[in-house]
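*Asks:* Please see the structure below; I have some questions.
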Amino acid sequence: MTPLRVERALPAPAPARGYDAVQSVERAFQLFELLVQHRSLKLGALADAVGVHKSTAFRLLQTLMKLGYVEKEPGGGAYQLGLKAIETGARALRSWPVHEAARPVMDGLAAALGETVNLALVDGLEMVYVVTVDTENALRMQLNVGRRAPVHCTAVGKAVLAFRPDVFARLEGRPLARLTERTLTDPAALAAHLAEVRRLGYAVDDEEQEIGARCVAAPVRDAGGRVIGALGVSAPAARLDTERIREIGPDLVRAATLISTRLGWCE
């Protein structure tokens, strides 16, 4: 059996000038984030990933367990997230301004189109799916909250790249991963494609991330007018053909604009 590979925890960002980082808090959050990523890990793996002695990791985990954010697996020695972590995350998501602004619009769009609607925010050169509204359609796209995807081969990512030259500039000199035979990996071809996205107001992922799946997305702006993410509709390619994309594209742009307005943007 292939051993579980645990990535070493990334170093915490430098604290703001004038404030000292509390190392124990940083390490506790690193342990917590590792459990989010890997579901369950044993003490040794957690300690190695964070770069601390087992005794230090044990004390931090005991504190997290006392607070309800971590628990031990039944009958095993591995640690996993506790119910308090799930409860807190759900409450935080529901009260998050982006969620409050987007969810009613997404519910209405999903009901009208009968397709999965998702909202993703840009983080570096990745898109993070933060809200997903599923449809009752048996053949629906599953886009889990928290999932990350590259900006260059997703509709939500290209909807951001088209209106964020600063993000596009960060792709310069970097190899663009080819996820399918349809993925655009040539920067010049991608730049030409983004010009078309700006003309239409929405982007299309034509089986570029996954064969058999298509997505359409329009940019979402914050109160200052900066594109922070995109609203997308995903469906099996057979159901989301060219004609269907042309039909729902303008609806998607209007919905994304409404979310932007609810976030404080005035066009």
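Each chain of the structure tokens is named A, B, ... in the order shown, its residues numbered from 1; ligands are numbered from 1 in display order.
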Please report, as a list in words, each residue of range 115-166 of chain A to which DSSP assigns strand (DSSP E or B) when run on this structure's backbone.
*Replies:*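 Output for range 115-166 of chain A, strand (DSSP E or B) only: Thr116, Val117, Asn118, Leu119, Ala120, Leu121, Val122, Asp123, Glu126, Met127, Val128, Tyr129, Val130, Val131, Thr132, Val133, Arg148, Ala149 and Pro150 of chain A.
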*Asks:* Could you give me, as a list in words, the residues within 6 Å of range 108-117 of chain A, counting only C-alpha atoms and dropping anything in the same chain fewer than 3 positions from it?
*Replies:*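 After dropping sequence-adjacent residues, the list is Val105, Thr132, Val133, Asp134, Thr135, Gly232, Val233 and Ser234 of chain A.
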*Asks:* Let me see the file: selected residues, N, CA and C atoms, as an mmCIF file, in the first residue's frame.
*Replies:*
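The result, stored in selection20.cif:
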data_model
loop_
_atom_site.group_PDB
_atom_site.id
_atom_site.type_symbol
_atom_site.label_atom_id
_atom_site.label_comp_id
_atom_site.auth_asym_id
_atom_site.auth_seq_id
_atom_site.Cartn_x
_atom_site.Cartn_y
_atom_site.Cartn_z
ATOM 1 N N VAL A 105 -29.344 35.187 -5.062
ATOM 2 C CA VAL A 105 -29.255 35.302 -6.519
ATOM 3 C C VAL A 105 -28.966 33.932 -7.131
ATOM 4 N N THR A 132 -21.897 26.831 -3.599
ATOM 5 C CA THR A 132 -22.432 25.990 -4.677
ATOM 6 C C THR A 132 -23.902 25.710 -4.406
ATOM 7 N N VAL A 133 -24.731 25.885 -5.430
ATOM 8 C CA VAL A 133 -26.159 25.569 -5.338
ATOM 9 C C VAL A 133 -26.442 24.471 -6.349
ATOM 10 N N ASP A 134 -26.779 23.295 -5.849
ATOM 11 C CA ASP A 134 -27.060 22.163 -6.727
ATOM 12 C C ASP A 134 -28.495 22.212 -7.226
ATOM 13 N N THR A 135 -28.717 21.499 -8.311
ATOM 14 C CA THR A 135 -30.050 21.373 -8.879
ATOM 15 C C THR A 135 -30.572 19.970 -8.618
ATOM 16 N N GLY A 232 -20.579 31.029 -11.872
ATOM 17 C CA GLY A 232 -20.554 30.057 -12.953
ATOM 18 C C GLY A 232 -21.732 29.110 -12.953
ATOM 19 N N VAL A 233 -22.028 28.583 -14.126
ATOM 20 C CA VAL A 233 -23.037 27.531 -14.301
ATOM 21 C C VAL A 233 -22.333 26.342 -14.938
ATOM 22 N N SER A 234 -22.458 25.174 -14.323
ATOM 23 C CA SER A 234 -21.777 23.975 -14.797
ATOM 24 C C SER A 234 -22.785 22.895 -15.146
#
*Asks:* Run DSSP on the backbone of this structure and report the residues of range 66-227 of chain A it assigns to alpha helix (DSSP H), as a ChimeraX atom specification.
*Replies:* /A:66-67,83-95,97-113,155-161,165-169,187-200
*Asks:* Could you tell me how far CA of Leu240 in chain A lies from CA of Gly124 in chain A, in Å and to one decimal?
*Replies:*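 Interatomic distance here is 28.8 Å.
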*Asks:* Just checking: using only C-alpha atoms, which residue out of A:Val131, A:Leu83, A:Leu60, A:Cys153 ends up closest to Asp107 in chain A?
*Replies:* A:Val131
*Asks:* Tell me, as a list in words, which residues lie within 9 Å of Leu31 in chain A, counting only C-alpha atoms; anything in the same chain fewer than 3 positions away does not count.
*Replies:*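 These residues fall inside the cut-off: Ala9, Glu26, Arg27, Ala28, Leu34, Leu35, Val36, Leu46, Ala47, Ala49, Val50, Ala57, Leu60 and Leu61 of chain A.
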